[in-house]
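Colleague: input_39.tsv is the file, holding TSV, C-alpha atoms:
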chain	number	residue	atom	x	y	z
A	49	MET	CA	191.73	36.47	220.72
A	50	GLU	CA	191.12	35.55	224.35
A	51	LYS	CA	189.05	38.74	224.84
A	52	ARG	CA	186.83	37.84	221.81
A	53	ASN	CA	186.19	34.37	223.30
A	54	ASP	CA	185.17	36.02	226.59
A	55	THR	CA	182.73	38.22	224.67
A	56	TYR	CA	181.21	35.23	222.88
A	57	GLN	CA	180.86	33.38	226.17
A	58	TYR	CA	179.12	36.38	227.73
A	59	VAL	CA	176.68	36.66	224.82
A	60	ILE	CA	175.90	32.93	224.88
A	61	LEU	CA	175.37	32.92	228.65
A	62	SER	CA	173.07	35.95	228.35
A	63	LEU	CA	171.01	34.30	225.64
A	64	LEU	CA	170.70	31.12	227.71
A	65	ALA	CA	169.51	33.16	230.69
A	66	LEU	CA	166.89	34.92	228.60
A	67	LEU	CA	165.69	31.63	227.16
A	68	SER	CA	165.43	30.18	230.64
A	69	VAL	CA	163.32	33.11	231.87
A	70	GLY	CA	161.16	32.99	228.75
A	71	SER	CA	160.58	29.26	229.15
A	72	ALA	CA	159.54	29.69	232.78
A	73	PHE	CA	157.13	32.48	231.83
A	74	THR	CA	155.63	30.38	229.03
A	75	LEU	CA	155.15	27.42	231.37
A	76	ALA	CA	153.41	29.65	233.91
A	77	LEU	CA	151.01	31.01	231.31
A	78	ASN	CA	150.28	27.58	229.85
A	79	LYS	CA	149.62	25.56	233.00
A	80	PRO	CA	147.45	22.66	231.77
A	81	ILE	CA	143.81	23.42	232.54
A	82	ALA	CA	143.18	19.68	232.81
A	83	ASP	CA	145.20	19.77	236.05
A	84	ILE	CA	142.42	21.70	237.79
A	85	PRO	CA	140.68	19.32	240.24
A	86	GLU	CA	136.87	19.07	240.28
A	87	THR	CA	136.83	20.63	243.75
A	88	GLY	CA	138.60	23.63	242.30
A	89	LEU	CA	135.66	24.33	240.02
A	90	ALA	CA	133.96	26.04	242.95
A	91	ALA	CA	136.43	28.90	242.34
A	92	VAL	CA	134.38	29.87	239.28
A	93	GLY	CA	132.98	33.27	240.08
A	94	GLU	CA	136.03	34.59	241.90
A	95	ILE	CA	136.54	38.10	240.59
A	96	ILE	CA	140.17	39.19	240.66
A	97	PRO	CA	140.67	42.96	240.18
A	98	GLN	CA	142.57	43.92	237.07
A	99	GLU	CA	144.07	47.20	235.97
A	100	THR	CA	142.76	47.88	232.49
A	101	ALA	CA	139.25	48.68	231.33
A	102	ALA	CA	137.15	45.99	229.71
A	103	PRO	CA	135.17	46.40	226.49
A	104	PHE	CA	131.97	45.15	228.16
A	105	PRO	CA	130.40	48.39	229.47
A	106	GLU	CA	129.18	49.16	225.95
A	107	VAL	CA	127.43	45.78	225.56
A	108	ALA	CA	123.62	46.00	225.70
A	109	LEU	CA	121.91	42.67	226.31
A	110	GLU	CA	118.35	41.39	226.14
A	111	ALA	CA	119.21	38.67	228.66
A	112	LYS	CA	118.21	39.04	232.30
A	113	ALA	CA	121.45	37.41	233.41
A	114	ALA	CA	124.83	36.67	231.84
A	115	VAL	CA	128.35	35.57	232.72
A	116	VAL	CA	131.61	35.47	230.77
A	117	PHE	CA	134.13	33.20	232.49
A	118	ASP	CA	137.78	33.09	231.47
A	119	VAL	CA	138.59	29.47	232.39
A	120	HIS	CA	142.30	29.89	231.67
A	121	ARG	CA	142.70	32.68	234.22
A	122	GLY	CA	139.95	31.44	236.53
A	123	ILE	CA	138.01	34.72	236.67
A	124	ILE	CA	134.68	36.12	235.60
A	125	ILE	CA	135.37	39.04	233.26
A	126	PHE	CA	131.73	40.02	232.77
A	127	GLU	CA	128.66	39.52	234.90
A	128	LYS	CA	125.05	40.66	234.81
A	129	ASN	CA	122.87	39.31	237.63
A	130	GLY	CA	125.11	36.26	237.72
A	131	ASP	CA	123.58	34.80	240.88
A	132	ALA	CA	119.92	35.36	239.90
A	133	GLN	CA	117.97	32.08	240.02
A	134	LEU	CA	116.16	31.70	236.68
A	135	PRO	CA	114.52	28.86	234.71
A	136	LEU	CA	117.10	26.71	232.92
A	137	ALA	CA	114.94	25.15	230.22
A	138	SER	CA	116.99	22.69	228.13
A	139	LEU	CA	120.30	23.70	229.69
A	140	THR	CA	119.07	21.04	232.13
A	141	LYS	CA	120.10	18.39	229.60
A	142	LEU	CA	123.78	19.12	230.32
A	143	MET	CA	123.31	17.65	233.79
A	144	THR	CA	120.99	14.91	232.49
A	145	ALA	CA	123.69	13.72	230.08
A	146	ALA	CA	126.49	13.97	232.65
A	147	VAL	CA	124.63	11.92	235.27
A	148	ALA	CA	123.43	9.34	232.73
A	149	GLU	CA	127.02	8.88	231.60
A	150	ASP	CA	128.04	8.46	235.25
A	151	LEU	CA	125.50	5.68	235.82
A	152	LEU	CA	125.53	3.74	232.55
A	153	ALA	CA	128.25	1.56	231.06
A	154	GLU	CA	129.77	2.65	227.75
A	155	ASP	CA	128.31	-0.37	225.92
A	156	THR	CA	124.76	0.24	227.18
A	157	VAL	CA	121.99	-0.14	224.60
A	158	ILE	CA	118.93	1.98	225.39
A	159	THR	CA	115.45	0.93	224.29
A	160	ILE	CA	112.99	3.73	223.55
A	161	ARG	CA	109.75	3.02	225.40
A	162	ALA	CA	106.34	4.65	225.11
A	163	GLU	CA	106.80	6.52	228.40
A	164	HIS	CA	109.96	8.15	227.05
A	165	VAL	CA	108.32	9.76	224.03
A	166	ARG	CA	107.43	13.40	224.64
A	167	PRO	CA	104.69	15.11	222.58
A	168	ASN	CA	105.63	17.91	220.22
A	169	ASP	CA	109.31	17.03	220.52
A	170	SER	CA	111.42	18.86	217.94
A	171	ALA	CA	113.73	15.82	217.85
A	172	PRO	CA	111.40	12.83	218.34
A	173	LEU	CA	112.30	9.18	218.80
A	174	LEU	CA	110.33	6.05	217.86
A	175	VAL	CA	109.05	3.49	220.33
A	176	GLY	CA	111.04	0.26	220.09
A	177	GLU	CA	114.22	1.80	218.72
A	178	HIS	CA	117.55	0.76	220.21
A	179	TRP	CA	120.33	3.29	220.63
A	180	ASN	CA	123.95	3.08	221.66
A	181	LEU	CA	124.53	5.24	224.73
A	182	LYS	CA	127.07	7.57	223.08
A	183	ASP	CA	124.80	8.21	220.08
A	184	LEU	CA	121.81	8.97	222.27
A	185	LEU	CA	123.83	11.33	224.45
A	186	ASP	CA	125.07	13.20	221.37
A	187	PHE	CA	121.63	13.29	219.73
A	188	THR	CA	119.95	14.52	222.92
A	189	LEU	CA	122.40	17.38	223.52
A	190	MET	CA	122.78	18.45	219.91
A	191	ALA	CA	119.10	18.40	218.91
A	192	SER	CA	117.80	19.08	222.46
A	193	SER	CA	115.62	15.99	222.32
A	194	ASN	CA	113.17	15.77	225.23
A	195	SER	CA	112.45	12.14	224.36
A	196	GLY	CA	116.17	11.42	224.40
A	197	ALA	CA	116.54	12.99	227.85
A	198	ALA	CA	113.62	10.91	229.15
A	199	ALA	CA	115.11	7.71	227.68
A	200	LEU	CA	118.51	8.42	229.26
A	201	SER	CA	116.84	9.07	232.61
A	202	GLY	CA	114.74	5.90	232.29
A	203	ALA	CA	117.75	3.73	231.46
A	204	ALA	CA	119.68	5.16	234.40
A	205	GLU	CA	116.74	4.51	236.75
A	206	GLU	CA	116.75	0.87	235.61
A	207	ALA	CA	120.49	0.66	236.31
A	208	LEU	CA	119.97	2.08	239.81
A	209	SER	CA	117.19	-0.44	240.42
A	210	LEU	CA	119.41	-3.35	239.37
A	211	ARG	CA	122.00	-2.13	241.85
A	212	GLN	CA	119.25	-2.02	244.48
A	213	GLU	CA	119.56	1.75	244.59
A	214	GLY	CA	116.02	2.38	243.42
A	215	SER	CA	115.30	4.82	246.25
A	216	ASN	CA	118.20	6.97	245.03
A	217	THR	CA	116.42	8.28	241.94
A	218	PHE	CA	117.94	9.80	238.82
A	219	LEU	CA	116.67	13.24	239.81
A	220	ALA	CA	118.22	12.78	243.24
A	221	ARG	CA	121.53	12.01	241.52
A	222	MET	CA	121.19	15.14	239.37
A	223	ASN	CA	120.65	17.30	242.44
A	224	ALA	CA	123.46	15.55	244.32
A	225	LYS	CA	125.89	16.24	241.48
A	226	ALA	CA	124.80	19.88	241.40
A	227	HIS	CA	125.65	20.05	245.10
A	228	ASP	CA	129.02	18.34	244.58
A	229	LEU	CA	129.95	20.84	241.86
A	230	GLY	CA	129.00	23.81	244.00
A	231	LEU	CA	125.92	24.81	241.97
A	232	THR	CA	124.35	26.46	244.98
A	233	GLY	CA	121.42	28.08	243.14
A	234	THR	CA	120.41	25.08	241.04
A	235	TYR	CA	117.73	22.44	241.55
A	236	PHE	CA	116.05	19.92	239.23
A	237	ILE	CA	112.51	18.52	239.25
A	238	ASN	CA	112.67	16.94	235.78
A	239	GLU	CA	115.27	15.69	233.31
A	240	THR	CA	114.19	17.74	230.27
A	241	GLY	CA	113.91	21.32	231.46
A	242	LEU	CA	110.33	21.63	230.20
A	243	ASP	CA	108.10	23.93	232.26
A	244	HIS	CA	106.24	21.95	234.91
A	245	SER	CA	103.15	24.11	234.37
A	246	GLY	CA	102.21	27.54	233.10
A	247	GLU	CA	103.39	29.00	236.40
A	248	LEU	CA	106.17	26.63	237.51
A	249	ALA	CA	109.44	26.17	235.66
A	250	GLY	CA	110.93	22.70	235.42
A	251	ASN	CA	114.32	23.58	236.88
A	252	SER	CA	116.15	26.69	238.01
A	253	GLY	CA	119.73	27.87	238.34
A	254	SER	CA	122.02	30.83	237.84
A	255	ALA	CA	124.35	31.95	235.06
A	256	ARG	CA	127.29	31.40	237.43
A	257	ASP	CA	126.10	27.84	238.10
A	258	ILE	CA	125.89	27.04	234.40
A	259	ALA	CA	129.40	28.47	233.92
A	260	LYS	CA	130.61	26.10	236.66
A	261	LEU	CA	128.84	23.14	235.06
A	262	PHE	CA	130.25	23.97	231.63
A	263	SER	CA	133.73	24.31	233.17
A	264	TYR	CA	133.41	20.85	234.66
A	265	LEU	CA	132.32	19.39	231.33
A	266	ILE	CA	135.05	20.93	229.18
A	267	LEU	CA	137.79	20.14	231.70
A	268	LYS	CA	136.70	16.66	232.78
A	269	ARG	CA	134.21	15.39	230.20
A	270	PRO	CA	135.06	17.12	226.88
A	271	LEU	CA	133.77	14.26	224.68
A	272	LEU	CA	130.28	14.77	226.07
A	273	LEU	CA	130.03	18.11	224.28
A	274	GLU	CA	131.82	17.10	221.10
A	275	ALA	CA	128.71	16.69	218.90
A	276	THR	CA	127.39	20.12	219.87
A	277	ARG	CA	130.10	21.74	217.75
A	278	TYR	CA	128.45	20.62	214.49
A	279	PRO	CA	125.44	22.14	212.69
A	280	LYS	CA	124.10	18.76	211.57
A	281	LEU	CA	124.82	15.06	212.16
A	282	THR	CA	123.09	11.82	211.22
A	283	PHE	CA	122.64	9.05	213.77
A	284	THR	CA	121.69	5.44	213.06
A	285	THR	CA	119.87	3.17	215.49
A	286	LEU	CA	120.67	-0.54	215.80
A	287	GLU	CA	117.69	-1.14	213.48
A	288	ASN	CA	119.41	1.10	210.86
A	289	THR	CA	116.83	3.85	211.26
A	290	SER	CA	118.42	7.21	210.52
A	291	HIS	CA	117.80	10.37	212.53
A	292	THR	CA	119.23	13.67	211.31
A	293	ALA	CA	119.96	16.02	214.18
A	294	ARG	CA	120.14	19.75	213.50
A	295	ASN	CA	121.92	21.80	216.12
A	296	THR	CA	119.57	24.11	217.97
A	297	ASP	CA	122.39	26.67	218.33
A	298	THR	CA	122.11	28.84	215.22
A	299	ALA	CA	125.00	31.02	216.43
A	300	LEU	CA	127.52	28.27	215.59
A	301	PRO	CA	128.99	30.04	212.52
A	302	PHE	CA	129.74	33.14	214.60
A	303	ILE	CA	131.60	31.42	217.46
A	304	PRO	CA	135.31	30.89	216.68
A	305	ASN	CA	136.96	27.64	217.80
A	306	LEU	CA	133.79	26.33	219.43
A	307	ILE	CA	134.28	23.68	222.13
A	308	GLY	CA	130.61	23.05	222.93
A	309	SER	CA	127.21	24.69	223.24
A	310	LYS	CA	123.70	24.16	224.57
A	311	THR	CA	120.46	26.02	224.01
A	312	GLY	CA	117.33	26.31	226.11
A	313	PHE	CA	113.91	27.85	225.53
A	314	THR	CA	110.51	27.63	227.19
A	315	ASP	CA	107.71	30.15	227.74
A	316	LEU	CA	108.78	30.74	231.33
A	317	ALA	CA	112.55	30.65	230.73
A	318	GLY	CA	112.74	32.69	227.58
A	319	GLY	CA	115.92	32.15	225.58
A	320	ASN	CA	118.99	30.59	227.21
A	321	LEU	CA	122.35	29.75	225.67
A	322	ALA	CA	125.72	28.55	226.96
A	323	VAL	CA	128.84	28.22	224.81
A	324	ALA	CA	132.48	27.39	225.39
A	325	TYR	CA	135.13	28.40	222.85
A	326	ASP	CA	138.89	28.72	222.58
A	327	ALA	CA	139.90	32.36	222.59
A	328	GLY	CA	143.50	31.28	222.01
A	329	ILE	CA	145.63	28.16	222.31
A	330	GLY	CA	144.59	26.54	225.57
A	331	HIS	CA	142.48	29.59	226.49
A	332	PRO	CA	138.86	28.44	226.92
A	333	VAL	CA	136.15	31.01	227.63
A	334	ILE	CA	132.56	30.29	228.64
A	335	VAL	CA	129.62	32.57	227.86
A	336	VAL	CA	126.20	32.03	229.45
A	337	VAL	CA	123.00	34.04	228.94
A	338	LEU	CA	119.69	33.38	230.70
A	339	GLY	CA	116.28	34.95	230.24
A	340	SER	CA	116.84	36.48	226.82
A	341	THR	CA	114.44	36.08	223.91
A	342	GLU	CA	114.35	33.17	221.48
A	343	ALA	CA	116.38	35.10	218.90
A	344	GLY	CA	118.07	37.50	221.33
A	345	ARG	CA	120.05	34.75	223.09
A	346	PHE	CA	122.13	34.26	219.94
A	347	SER	CA	122.85	37.97	219.39
A	348	ASP	CA	123.58	38.40	223.12
A	349	VAL	CA	126.17	35.61	223.07
A	350	LYS	CA	127.75	36.94	219.87
A	351	LYS	CA	128.15	40.39	221.47
A	352	LEU	CA	129.78	38.88	224.54
A	353	VAL	CA	132.06	36.64	222.49
A	354	ASP	CA	133.20	39.59	220.38
A	355	ALA	CA	133.89	41.66	223.49
A	356	ALA	CA	135.71	38.81	225.26
A	357	LEU	CA	138.00	38.23	222.29
A	358	GLN	CA	139.43	41.71	222.88
A	359	CYS	CA	140.63	40.46	226.28
A	360	VAL	CA	142.68	37.52	225.06
A	361	ASN	CA	146.00	39.37	225.01
A	362	THR	CA	145.19	41.93	227.72
A	363	PHE	CA	144.04	41.81	231.32
A	364	CYS	CA	140.51	43.17	231.08
A	365	ALA	CA	138.94	44.51	234.23
A	366	PRO	CA	135.94	42.50	235.40
A	367	THR	CA	132.66	44.29	234.64
A	368	THR	CA	129.38	43.97	236.48
A	369	GLN	CA	126.04	45.13	235.13
A	370	THR	CA	122.91	45.18	237.27
A	371	SER	CA	119.27	45.42	236.34
A	372	SER	CA	115.95	44.70	237.99
A	373	LEU	CA	114.49	41.30	237.11
Would you write the structure of this file as structure tokens?
Modeller:
Amino acid sequence: MEKRNDTYQYVILSLLALLSVGSAFTLALNKPIADIPETGLAAVGEIIPQETAAPFPEVALEAKAAVVFDVHRGIIIFEKNGDAQLPLASLTKLMTAAVAEDLLAEDTVITIRAEHVRPNDSAPLLVGEHWNLKDLLDFTLMASSNSGAAALSGAAEEALSLRQEGSNTFLARMNAKAHDLGLTGTYFINETGLDHSGELAGNSGSARDIAKLFSYLILKRPLLLEATRYPKLTFTTLENTSHTARNTDTALPFIPNLIGSKTGFTDLAGGNLAVAYDAGIGHPVIVVVLGSTEAGRFSDVKKLVDAALQCVNTFCAPTTQTSSL
């Protein structure tokens, strides 16, 4: 009888030991990504060698540059010309929205003025309308409204002026934030991303830089991207005027567990797209393509998402593609 009790005690102690090891392993794998400090975002782009082959060598892209960043593990698992400086187009609005939110109070009401309205805007606004800040941020990012970006910039400029910081312009704040986040290849000369002329792009940056910016947003400002998960939303101004916003990202149905997305397209930029999605519980992955075609950006991202999903439960080796630009 005493020997049987000893056996039971041994089995119980063994099980407890296994549970303890398993719990420690689980905690290590599931370290909260929200604990990553902003300064740690500069680590985006660190490529840590892995042992197994990745599925990416077979992926053919139209994009000039692309990056797939595994935020959970802190490594780039695919890269094509990741540091190439290319036109950003409306990916610019990610920084526009972030800086506007930095400068404006949550209860800010923004008045749409004539100087904010951009011609041929796919998501136009009406002069004299009044918008809540959150609604205008969501509308601008989701529908890629150039007028919305201009109105956010204008309201932030007014706030800076009231604080007697008029010499520190909104664009200066955008470039300062890019510097703070370690976006070494990025600069802004306007808040919309529209081409400055037929030869000069509005703003430029790299696929790595956009991956860093997206990492910052999903880790520190996730609500800013919330609306970009939906194909269509209706917004109402304070005058009860309704605006239906249709998401410019037509790849939404093909991205599982989408966290956020942003499109960009101009004649000089070609097709750009950045998406963040959950490849598993607490396992965010960011995909960025720059310099694709208007339709090709969506198929490029879908290919990269499909390939990256094969890496969720394995340690895929980082893959680098090169091509002449």
Colleague: Give me the residues near segment 189-203 of chain A as a VMD selection string, where near means some atom within 6 Å (using only C-alpha atoms) and where sequence neighbours in that chain fewer than 4 positions away do not count.
Modeller: chain A and resid 164 to 166 171 240 276 293 to 296
Colleague: A:Pro304, A:Glu149, A:Glu239, A:Ala317: which is nearest Met222 of chain A, counting only C-alpha atoms?
Modeller: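 Looking at the shortest contact to Met222 of chain A, the residue is A:Glu239.
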Colleague: What lies within 9 Å of Val335 of chain A using all atoms listed in the file, ignoring chain neighbours under 6 positions off, as a list in words?
Modeller: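 Counting all atoms listed in the file, the residues come to Ala114, Val115, Val116, Phe117, Asp118, Ala255, Ala259, Leu321, Ala322, Val323, Ala324, Tyr325, Val349, Leu352 and Val353 of chain A.
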Colleague: Here is a test: counting only C-alpha atoms, which residue of A:Asp326, A:Asp315, A:Asp243, A:Glu206 is nearest to Glu342 of chain A?
Modeller: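 Among A:Asp326, A:Asp315, A:Asp243, A:Glu206, it is A:Asp315 that comes nearest to Glu342 of chain A.
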Colleague: Choose the residue, out of A:Leu109, A:Met143, A:Leu281, A:Leu357, that has the smallest atom-to-atom separation from His227 of chain A; count all atoms listed in the file.
Modeller: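 The answer is A:Met143, which sits nearest to His227 of chain A.
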Colleague: Find the nearest atom pair between each residue of segment 210-300 of chain A and segment 179-182 of chain A for residues within 12 Å, count all atoms listed in the file, give distances in Å to one decimal, sort rows by chain and ascending number, and present the table as a tab-separated table.
Modeller:
residue	atom	partner	partner_atom	distance
A:Leu271	CA	A:Lys182	CA	9.6
A:Leu272	CA	A:Lys182	CA	8.4
A:Leu273	CA	A:Lys182	CA	11.0
A:Glu274	CA	A:Lys182	CA	10.8
A:Ala275	CA	A:Lys182	CA	10.2
A:Phe283	CA	A:Trp179	CA	9.3
A:Thr284	CA	A:Trp179	CA	8.0
A:Thr285	CA	A:Trp179	CA	5.2
A:Leu286	CA	A:Trp179	CA	6.2
A:Glu287	CA	A:Trp179	CA	8.8
A:Asn288	CA	A:Trp179	CA	10.1
A:Thr289	CA	A:Trp179	CA	10.0
A:Ser290	CA	A:Trp179	CA	11.0
A:His291	CA	A:Trp179	CA	11.1
Colleague: Which residue, A:Leu142, A:Leu134, A:Thr292, A:Ser209, has the smallest gap to Gly308 of chain A when you use all atoms listed in the file?
Modeller: A:Leu142
Colleague: Set the distance at 9 Å and use all atoms listed in the file: which residues neighbour Phe346 of chain A once local chain neighbours fewer than 3 positions away are removed? I'd like the list as a list in words.
Modeller: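 In the requested format, the answer is Asp297, Thr298, Ala299, Gly319, Asn320, Leu321, Ser340, Thr341, Glu342, Ala343, Val349, Lys350 and Lys351 of chain A.
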Colleague: Which is closer to Asp150 of chain A than all the others in A:Tyr278, A:Phe126, A:Phe218, A:Phe104, using all atoms listed in the file?
Modeller: A:Phe218
Colleague: Please report the interatomic distance between atom CA of Asp183 of chain A and atom CA of Ile158 of chain A in Å with one decimal.
Modeller: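 Computed distance, atom CA of Asp183 of chain A to atom CA of Ile158 of chain A, equals 10.1 Å.
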Colleague: Using only C-alpha atoms, which of the listed residues (A:Thr232, A:Ser309, A:Asn238, A:Ser245) sits closest to Ile266 of chain A?
Modeller: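 The shortest atom-to-atom distance to Ile266 of chain A comes from A:Ser309.
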Colleague: Report the distance between atom CA of Gly344 of chain A and atom CA of Glu110 of chain A in Å, rounded to one decimal place.
Modeller: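 According to the coordinates, atom CA of Gly344 of chain A and atom CA of Glu110 of chain A are separated by 6.2 Å.
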Colleague: What are the centre and the three edge lengths of an axis-aligned box that wraps all atoms of segment 197-213 of chain A in the file, given that 5 Å is added to every side, written as JSON and rounded to one decimal in Å?
Modeller:
{"center_x": 117.8, "center_y": 4.8, "center_z": 236.1, "size_x": 18.4, "size_y": 26.3, "size_z": 26.9}
Colleague: Find the residues with any atom within 12 Å of (119.1, 13.0, 240.2); use all atoms listed in the file and the coordinates as given in the file, and write the answer as a PyMOL selection string.
Modeller: chain A and resi 140-141+143-148+150-151+200-202+204-205+208+214-227+235-239
